[in-house]
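The next block is coords01.csv, given as CSV, C-alpha atoms.
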```csv
chain,number,residue,atom,x,y,z
A,1,MET,CA,99.5,141.6,84.7
A,2,SER,CA,96.2,141.6,83.0
A,3,MET,CA,98.1,140.7,79.8
A,4,PHE,CA,99.3,137.6,81.7
A,5,PHE,CA,95.8,136.6,82.8
A,6,ASP,CA,94.5,137.1,79.3
A,7,LEU,CA,97.1,134.8,77.9
A,8,LEU,CA,96.6,132.2,80.7
A,9,GLY,CA,92.8,132.3,80.3
A,10,GLY,CA,93.0,131.9,76.5
A,11,LEU,CA,95.3,129.0,76.8
A,12,LEU,CA,93.1,127.3,79.4
A,13,LEU,CA,90.1,127.8,77.1
A,14,VAL,CA,91.9,126.2,74.2
A,15,CYS,CA,93.1,123.3,76.3
A,16,GLY,CA,89.6,122.8,77.7
A,17,ALA,CA,88.1,122.8,74.3
A,18,ALA,CA,90.8,120.3,73.1
A,19,PHE,CA,89.8,117.9,75.9
A,20,LEU,CA,86.1,118.3,75.0
A,21,LEU,CA,87.1,117.4,71.4
A,22,PHE,CA,89.0,114.3,72.6
A,23,GLY,CA,85.8,113.3,74.6
A,24,GLY,CA,83.7,113.6,71.4
A,25,LEU,CA,86.3,111.7,69.4
A,26,GLY,CA,86.4,109.0,72.0
A,27,LEU,CA,82.7,108.8,71.9
A,28,VAL,CA,82.8,108.1,68.2
A,29,ARG,CA,85.9,105.8,68.1
A,30,MET,CA,85.5,103.6,71.1
A,31,PRO,CA,84.3,100.0,70.4
A,32,ASP,CA,81.6,99.5,73.0
A,33,LEU,CA,79.3,101.4,75.4
A,34,PHE,CA,81.5,101.2,78.5
A,35,ASN,CA,84.5,102.5,76.8
A,36,ARG,CA,82.4,105.3,75.3
A,37,ILE,CA,81.2,106.2,78.8
A,38,GLN,CA,84.8,106.3,80.0
A,39,ALA,CA,86.0,108.6,77.2
A,40,GLY,CA,82.8,110.7,77.3
A,41,THR,CA,82.8,111.5,81.0
A,42,LYS,CA,86.5,111.8,81.8
A,43,ALA,CA,87.5,114.0,79.0
A,44,THR,CA,84.5,116.2,79.2
A,45,THR,CA,84.8,116.7,83.0
A,46,LEU,CA,88.4,118.0,82.7
A,47,GLY,CA,87.5,119.9,79.5
A,48,THR,CA,84.7,121.7,81.2
A,49,LEU,CA,86.7,122.5,84.3
A,50,LEU,CA,89.5,123.9,82.2
A,51,THR,CA,87.1,126.0,80.2
A,52,LEU,CA,85.5,127.4,83.4
A,53,ALA,CA,89.0,128.1,84.8
A,54,GLY,CA,89.8,130.0,81.6
A,55,VAL,CA,86.8,132.2,81.9
A,56,VAL,CA,87.6,132.8,85.6
A,57,CYS,CA,90.9,134.2,84.4
A,58,LEU,CA,89.3,136.5,81.9
A,59,ARG,CA,86.3,137.5,84.1
A,60,PRO,CA,87.3,137.2,87.8
A,61,GLU,CA,84.0,138.7,88.9
A,62,TRP,CA,82.1,135.6,87.7
A,63,GLY,CA,84.3,133.4,89.9
A,64,PHE,CA,81.7,132.3,92.4
A,65,LYS,CA,79.2,131.2,90.0
A,66,LEU,CA,81.7,129.4,87.8
A,67,LEU,CA,83.1,127.7,90.9
A,68,LEU,CA,79.6,126.5,91.6
A,69,ILE,CA,79.1,125.1,88.1
A,70,GLY,CA,82.5,123.4,88.3
A,71,LEU,CA,81.8,121.8,91.6
A,72,PHE,CA,78.4,120.6,90.4
A,73,ILE,CA,79.9,119.0,87.3
A,74,LEU,CA,82.7,117.4,89.3
A,75,PHE,CA,80.2,115.7,91.6
A,76,THR,CA,77.4,114.8,89.3
A,77,ASN,CA,79.3,113.7,86.2
A,78,PRO,CA,80.9,110.6,87.7
A,79,ILE,CA,77.6,109.7,89.3
A,80,SER,CA,75.6,109.9,86.1
A,81,SER,CA,78.2,107.8,84.2
A,82,GLN,CA,78.2,105.2,87.0
A,83,VAL,CA,74.4,104.9,87.0
A,84,LEU,CA,74.4,104.7,83.2
A,85,ALA,CA,77.1,102.0,83.2
A,86,ARG,CA,75.2,100.0,85.8
A,87,ALA,CA,71.9,100.3,84.0
A,88,ALA,CA,73.6,99.2,80.7
A,89,HIS,CA,75.3,96.2,82.3
A,90,ARG,CA,72.1,95.1,84.0
A,91,SER,CA,70.1,95.4,80.9
A,92,GLY,CA,72.6,93.2,79.1
A,93,THR,CA,74.5,95.6,76.8
A,94,LYS,CA,76.9,93.7,74.6
A,95,MET,CA,80.6,94.3,75.3
A,96,SER,CA,83.3,94.6,72.7
A,97,ASP,CA,85.1,91.5,71.3
A,98,LYS,CA,88.3,92.8,72.8
A,99,THR,CA,86.9,92.4,76.3
A,100,CYS,CA,89.2,90.0,78.2
A,101,VAL,CA,87.4,89.6,81.6
A,102,ASP,CA,84.0,90.3,83.1
A,103,LYS,CA,84.0,89.6,86.9
A,104,LEU,CA,80.6,91.1,87.3
A,105,GLU,CA,79.0,88.7,84.8
A,106,GLU,CA,80.8,85.8,86.6
A,107,ASP,CA,79.5,86.8,90.0
A,108,PHE,CA,76.0,87.8,89.3
A,109,GLY,CA,75.2,86.1,86.0
A,110,GLU,CA,72.2,87.2,84.0
A,111,LYS,CA,70.4,90.0,85.8
A,112,PRO,CA,66.6,89.8,85.7
B,1,MET,CA,73.2,115.6,119.5
B,2,LYS,CA,74.5,113.9,116.5
B,3,LYS,CA,71.4,114.8,114.6
B,4,ALA,CA,71.7,118.4,115.5
B,5,GLN,CA,75.2,118.4,114.2
B,6,ASP,CA,74.1,116.9,110.9
B,7,PHE,CA,71.3,119.4,110.7
B,8,ALA,CA,73.7,122.3,111.3
B,9,LEU,CA,76.2,121.1,108.7
B,10,LEU,CA,73.6,120.7,106.0
B,11,PHE,CA,72.1,124.1,106.9
B,12,ALA,CA,75.5,125.8,106.6
B,13,THR,CA,76.3,124.1,103.3
B,14,LEU,CA,73.0,125.0,101.7
B,15,LEU,CA,73.2,128.6,102.9
B,16,LEU,CA,76.7,128.9,101.6
B,17,PHE,CA,75.6,127.6,98.2
B,18,TRP,CA,72.6,130.0,98.2
B,19,LEU,CA,74.8,133.0,98.9
B,20,LEU,CA,77.4,131.9,96.3
B,21,LEU,CA,74.6,131.5,93.7
B,22,ASN,CA,73.1,134.9,94.5
B,23,GLY,CA,76.4,136.7,94.9
B,24,SER,CA,75.0,139.2,97.3
B,25,VAL,CA,74.2,139.5,101.1
B,26,ALA,CA,71.2,141.8,100.9
B,27,VAL,CA,68.7,141.3,103.7
B,28,ASP,CA,65.9,139.7,101.6
B,29,VAL,CA,68.3,137.3,99.9
B,30,VAL,CA,69.7,136.1,103.2
B,31,LEU,CA,66.3,135.7,104.8
B,32,VAL,CA,65.0,133.6,102.0
B,33,GLY,CA,68.2,131.6,102.1
B,34,ILE,CA,67.8,130.9,105.8
B,35,GLY,CA,64.2,129.9,105.3
B,36,VAL,CA,65.0,127.4,102.5
B,37,ALA,CA,68.1,126.1,104.2
B,38,LEU,CA,66.1,125.3,107.3
B,39,LEU,CA,63.3,123.7,105.4
B,40,ILE,CA,65.4,121.2,103.4
B,41,PRO,CA,67.3,119.6,106.2
B,42,PHE,CA,64.0,119.4,108.1
B,43,LEU,CA,62.3,117.5,105.2
B,44,PHE,CA,65.2,115.0,104.9
B,45,ARG,CA,66.0,114.8,108.6
B,46,ASP,CA,66.0,111.0,108.6
B,47,SER,CA,68.6,110.5,106.0
B,48,LEU,CA,71.3,113.0,107.2
B,49,ALA,CA,73.6,110.4,108.8
B,50,VAL,CA,76.0,110.4,105.8
B,51,PHE,CA,77.3,113.9,106.9
B,52,SER,CA,78.5,113.0,110.3
B,53,GLU,CA,80.8,110.3,109.0
B,54,LEU,CA,83.3,112.9,108.1
B,55,ARG,CA,85.9,113.4,110.8
B,56,VAL,CA,86.9,116.9,111.8
B,57,THR,CA,90.5,116.5,113.1
B,58,PRO,CA,93.7,118.2,111.9
B,59,GLN,CA,94.9,114.9,110.4
B,60,ALA,CA,91.6,114.5,108.5
B,61,LEU,CA,91.9,118.0,107.1
B,62,MET,CA,95.5,117.4,106.0
B,63,ALA,CA,94.4,114.2,104.4
B,64,ALA,CA,91.5,116.0,102.6
B,65,LEU,CA,94.0,118.5,101.2
B,66,ALA,CA,96.4,115.8,100.1
B,67,TYR,CA,93.5,113.9,98.6
B,68,ALA,CA,92.5,117.0,96.6
B,69,VAL,CA,96.0,117.4,95.2
B,70,TYR,CA,96.3,113.7,94.4
B,71,PHE,CA,92.9,113.8,92.7
B,72,VAL,CA,93.7,116.7,90.4
B,73,LYS,CA,97.0,115.1,89.5
B,74,GLU,CA,95.3,111.8,88.6
B,75,LEU,CA,92.5,113.5,86.7
B,76,ILE,CA,94.9,115.3,84.4
B,77,ASN,CA,97.0,112.1,84.1
B,78,ALA,CA,93.8,110.1,83.2
B,79,ASN,CA,92.9,112.6,80.5
B,80,ILE,CA,96.3,112.6,78.9
B,81,ARG,CA,96.3,108.8,78.8
B,82,LEU,CA,92.8,108.7,77.4
B,83,ALA,CA,93.7,111.3,74.7
B,84,ARG,CA,96.7,109.2,73.7
B,85,ILE,CA,94.5,106.1,73.3
B,86,VAL,CA,91.8,108.0,71.4
B,87,LEU,CA,94.3,109.7,69.0
B,88,SER,CA,96.4,106.6,68.2
B,89,PRO,CA,95.1,105.0,65.0
B,90,SER,CA,95.2,101.4,66.3
B,91,LEU,CA,93.0,102.2,69.3
B,92,PRO,CA,94.9,100.1,71.9
B,93,VAL,CA,92.2,99.1,74.3
B,94,GLU,CA,91.8,95.8,76.2
B,95,PRO,CA,88.7,96.4,78.2
B,96,GLY,CA,87.2,94.3,81.0
B,97,ILE,CA,85.4,94.4,84.3
B,98,VAL,CA,87.5,93.6,87.4
B,99,LYS,CA,86.6,93.2,91.0
B,100,VAL,CA,88.3,95.1,93.8
B,101,ARG,CA,87.8,95.4,97.5
B,102,THR,CA,87.8,98.5,99.7
B,103,ARG,CA,88.6,98.7,103.4
B,104,LEU,CA,86.3,101.8,103.8
B,105,LYS,CA,83.3,101.3,105.9
B,106,SER,CA,81.3,104.6,105.6
B,107,LYS,CA,78.8,105.2,102.8
B,108,MET,CA,80.2,108.6,102.0
B,109,GLY,CA,83.7,107.3,101.9
B,110,ARG,CA,82.7,104.6,99.5
B,111,LEU,CA,80.8,107.1,97.3
B,112,LEU,CA,83.8,109.4,97.1
B,113,LEU,CA,86.0,106.4,96.3
B,114,ALA,CA,83.7,105.2,93.5
B,115,ASN,CA,83.5,108.8,92.1
B,116,SER,CA,87.3,109.1,92.2
B,117,ILE,CA,87.8,105.8,90.5
B,118,THR,CA,85.4,106.9,87.8
B,119,LEU,CA,87.4,110.0,87.1
B,120,THR,CA,90.9,108.5,87.1
B,121,PRO,CA,93.0,106.6,84.6
B,122,GLY,CA,91.0,104.3,82.5
B,123,THR,CA,88.6,103.1,85.2
B,124,LEU,CA,84.9,103.3,85.7
B,125,THR,CA,82.9,102.0,88.7
B,126,VAL,CA,80.0,99.9,87.3
B,127,GLU,CA,78.5,98.3,90.5
B,128,LEU,CA,78.9,98.7,94.2
B,129,ASP,CA,78.2,95.7,96.4
B,130,ASP,CA,79.2,96.3,100.1
B,131,GLU,CA,83.0,96.1,100.2
B,132,TRP,CA,83.3,94.9,96.6
B,133,LEU,CA,83.5,97.3,93.7
B,134,TYR,CA,83.2,96.2,90.1
B,135,VAL,CA,85.4,98.4,87.9
B,136,HIS,CA,85.5,98.7,84.1
B,137,TRP,CA,89.0,99.1,83.0
B,138,VAL,CA,90.0,100.3,79.5
B,139,LYS,CA,93.3,98.5,79.7
B,140,VAL,CA,93.2,95.5,82.1
B,141,GLU,CA,96.6,95.1,83.7
B,142,SER,CA,95.6,92.3,86.0
B,143,ALA,CA,92.3,90.4,86.6
B,144,ASP,CA,93.5,89.3,90.0
B,145,VAL,CA,91.5,90.9,92.9
B,146,GLU,CA,94.5,91.8,95.0
B,147,ALA,CA,96.6,93.2,92.2
B,148,ALA,CA,93.7,95.2,90.8
B,149,THR,CA,93.0,96.5,94.3
B,150,THR,CA,96.5,97.8,94.7
B,151,SER,CA,96.7,99.5,91.4
B,152,ILE,CA,93.1,101.1,91.4
B,153,VAL,CA,92.0,101.6,95.0
B,154,ALA,CA,95.1,101.9,97.2
B,155,GLY,CA,96.1,105.4,96.0
B,156,PHE,CA,92.8,107.0,97.1
B,157,GLU,CA,92.1,104.8,100.0
B,158,GLN,CA,95.1,105.9,102.0
B,159,TYR,CA,93.6,109.4,102.2
B,160,LEU,CA,89.9,108.5,102.5
B,161,GLU,CA,90.7,106.2,105.3
B,162,VAL,CA,92.0,109.0,107.4
B,163,MET,CA,89.0,111.3,106.4
B,164,TYR,CA,86.2,108.8,106.9
B,165,GLY,CA,87.5,105.7,108.5
C,1,MET,CA,94.4,138.9,72.1
C,2,ALA,CA,91.9,136.9,74.2
C,3,GLU,CA,89.4,137.1,71.3
C,4,VAL,CA,91.5,134.9,69.0
C,5,PHE,CA,91.7,132.2,71.6
C,6,ILE,CA,88.0,132.3,72.3
C,7,TYR,CA,87.2,131.9,68.6
C,8,ILE,CA,89.6,129.0,68.3
C,9,ALA,CA,88.1,127.4,71.4
C,10,ALA,CA,84.6,127.9,70.2
C,11,ALA,CA,85.5,126.3,66.9
C,12,ILE,CA,86.9,123.2,68.6
C,13,VAL,CA,83.9,123.0,70.9
C,14,GLY,CA,81.7,123.1,67.8
C,15,VAL,CA,83.5,120.1,66.3
C,16,ALA,CA,83.2,118.2,69.6
C,17,LEU,CA,79.5,118.9,69.6
C,18,LEU,CA,79.2,117.5,66.0
C,19,LEU,CA,81.1,114.3,67.0
C,20,ALA,CA,78.8,113.8,70.0
C,21,LEU,CA,75.8,114.5,67.7
C,22,TYR,CA,77.1,111.8,65.3
C,23,ARG,CA,77.0,109.2,68.1
C,24,PHE,CA,73.6,110.4,69.2
C,25,VAL,CA,72.2,110.0,65.7
C,26,LYS,CA,74.0,106.7,64.9
C,27,GLY,CA,73.3,104.9,68.2
C,28,PRO,CA,73.2,101.9,67.8
C,29,SER,CA,71.6,101.2,71.2
C,30,ASP,CA,69.4,103.4,73.4
C,31,ALA,CA,72.1,103.4,76.0
C,32,ASP,CA,74.6,104.8,73.5
C,33,ARG,CA,72.3,107.6,72.7
C,34,VAL,CA,71.9,108.5,76.4
C,35,VAL,CA,75.7,108.6,76.8
C,36,ALA,CA,75.9,110.8,73.7
C,37,PHE,CA,73.2,113.0,75.1
C,38,ASP,CA,75.0,113.3,78.4
C,39,VAL,CA,78.2,114.3,76.7
C,40,LEU,CA,76.3,116.7,74.5
C,41,THR,CA,74.9,118.5,77.5
C,42,ILE,CA,78.3,118.8,79.2
C,43,ILE,CA,79.9,120.2,76.1
C,44,SER,CA,76.9,122.6,75.7
C,45,ILE,CA,77.6,123.9,79.2
C,46,SER,CA,81.0,124.9,78.1
C,47,ALA,CA,79.5,126.4,75.0
C,48,ILE,CA,77.0,128.4,77.1
C,49,VAL,CA,79.8,129.7,79.3
C,50,LEU,CA,81.8,130.8,76.3
C,51,ALA,CA,78.7,132.5,74.9
C,52,ALA,CA,78.2,134.3,78.2
C,53,PHE,CA,81.7,135.6,78.0
C,54,VAL,CA,81.5,136.7,74.4
C,55,GLU,CA,78.2,138.5,74.9
C,56,GLY,CA,79.3,139.7,78.3
C,57,ARG,CA,76.1,138.6,80.0
C,58,GLY,CA,76.4,137.0,83.4
C,59,ILE,CA,72.8,135.8,83.4
C,60,TYR,CA,73.7,133.0,80.9
C,61,LEU,CA,75.7,131.4,83.7
C,62,ASP,CA,72.5,130.6,85.5
C,63,VAL,CA,71.2,129.0,82.4
C,64,ALA,CA,74.3,126.8,82.3
C,65,LEU,CA,73.8,125.8,86.0
C,66,VAL,CA,70.1,124.9,85.6
C,67,TYR,CA,71.0,123.1,82.4
C,68,ALA,CA,73.6,121.0,84.2
C,69,LEU,CA,71.0,120.2,87.0
C,70,LEU,CA,68.3,119.2,84.6
C,71,SER,CA,70.5,117.0,82.4
C,72,PHE,CA,71.8,115.2,85.5
C,73,LEU,CA,68.3,114.4,86.6
C,74,GLY,CA,67.3,113.5,83.1
C,75,VAL,CA,70.2,111.0,82.7
C,76,ILE,CA,69.4,109.4,86.1
C,77,ALA,CA,65.8,109.0,85.1
C,78,VAL,CA,66.6,107.4,81.8
C,79,ALA,CA,69.1,105.1,83.4
C,80,ARG,CA,66.4,104.0,85.9
C,81,TYR,CA,64.2,103.3,82.9
C,82,LEU,CA,66.8,101.3,81.1
C,83,GLU,CA,67.4,99.2,84.2
C,84,ARG,CA,63.8,98.2,84.5
C,85,GLY,CA,62.7,98.7,80.9
C,86,PHE,CA,63.6,95.8,78.8
```
Using structure tokens, write down the structure that the file contains.
Amino acid sequence: MSMFFDLLGGLLLVCGAAFLLFGGLGLVRMPDLFNRIQAGTKATTLGTLLTLAGVVCLRPEWGFKLLLIGLFILFTNPISSQVLARAAHRSGTKMSDKTCVDKLEEDFGEKP
Amino acid sequence: MKKAQDFALLFATLLLFWLLLNGSVAVDVVLVGIGVALLIPFLFRDSLAVFSELRVTPQALMAALAYAVYFVKELINANIRLARIVLSPSLPVEPGIVKVRTRLKSKMGRLLLANSITLTPGTLTVELDDEWLYVHWVKVESADVEAATTSIVAGFEQYLEVMYG
Amino acid sequence: MAEVFIYIAAAIVGVALLLALYRFVKGPSDADRVVAFDVLTIISISAIVLAAFVEGRGIYLDVALVYALLSFLGVIAVARYLERGF
């Protein structure tokens, strides 16, 4: 049984690390700030959660604290990316040439 | 009455977090926890209204459970799609900011909706303006308000509506 | 058995950190750097948790938690500044 949890935990760890890597890769490759925020937050949220789950499998006695870290990340990560995206849009960050529509710009125009 | 309920809810949440953080129920730990968990709701007593918007009925609990399952599924789905975009050499993005409308009235419901949108396939909430949400979309499927609402908001809204109204 | 996986995971996390660091150094705008910083912290939290496991020291988890808390506050503060700043 412990063999099974060892294997599961290890796999979760590697999967989590892989998603963190995709997050970093997205951060480097994406054409503009908003896409970078998307790649950065989504991939790293799941990556961290999977890593934490992996450690829970290997060290069940740390479960409570890891759960707390996971919950915290799950709630704060989207908020910080939202706030960043809003700030960036308000301060007039350039969007990529591939952008096809910007309803926010149309409705609010230039923000002071 | 309502205020007392909000107070009790925040107190219980804070105490639970404190105990989880400490991982023990020794007398001194619990006493300090009770003290702090009483002080914080007292300091913020005027802005606790967001907590009482959550409904506590069997249907709401079922909806919360279904919401959690749906959320996890969408989160994994989002990441696989994103990984595919990032790994493909041509980088197939077609970004834009679209406008969607929500039927949710409560602040907490809207906050959860905005958070969920941010963590799910290719979408990121940029601005909230009453019932309108401005969402950045990595691959815009439709700039039309109605169509975008169906494909981005509807999935979460059906559960959150039961939970918060 | 688990050790092999942990070293693989740690190596991948290291590469992810380098990628985020590249964006942090290159920019080009301040907002890009803040995003990179945010991602760096979240990846670091995973790295700290891995370190805690390898060293077998649970106290590192508290470090990770406080780190998450501070980085969240920091990002919010900088975003506030960006909104009003220029």
- Can you tell me, as a list in words, what residues are no more than 10 Å from Val66 (chain C) when counting all atoms listed in the file, ignoring any on the same chain fewer than 5 positions away? Ile69 of chain A; Ile45, Leu61, Ser71 and Phe72 of chain C
- Item | Proximal residues of chain A relative to chain C (only C-alpha atoms; 6 Å) as a ChimeraX atom specification | /A:6,10,14,17,21,24,28,40,48,69,84,87,91
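Shell of region 8-21 of chain B at 8 Å, with only C-alpha atoms counted and residues fewer than 6 places along the chain excluded, is Phe64, Lys65 and Leu68 of chain A; Val29, Val30, Gly33, Ile34, Ala37, Leu38, Pro41 and Phe51 of chain B.
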- Just how far from CA of Pro95 (chain B) is CA of Trp137 (chain B), in Å to one decimal? 5.5 Å
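Reported to one decimal place, the separation of CA of Ser24 (chain B) from CA of Leu13 (chain A) is 27.7 Å.
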- Item | Exercise: region 126-132 of chain B partners within 6 Å, all atoms listed in the file, chain neighbours under 3 positions left out, as a list in words |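 Near region 126-132 of chain B, the qualifying residues are Gln82, Ala85 and Arg86 of chain A; Val100, Arg101, Thr102 and Val135 of chain B.
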- Item | Two-atom distance - CA of Pro78 (chain A), CA of Gln5 (chain B) (Å) |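 Straight-line distance from CA of Pro78 (chain A) to CA of Gln5 (chain B) works out to 28.2 Å.
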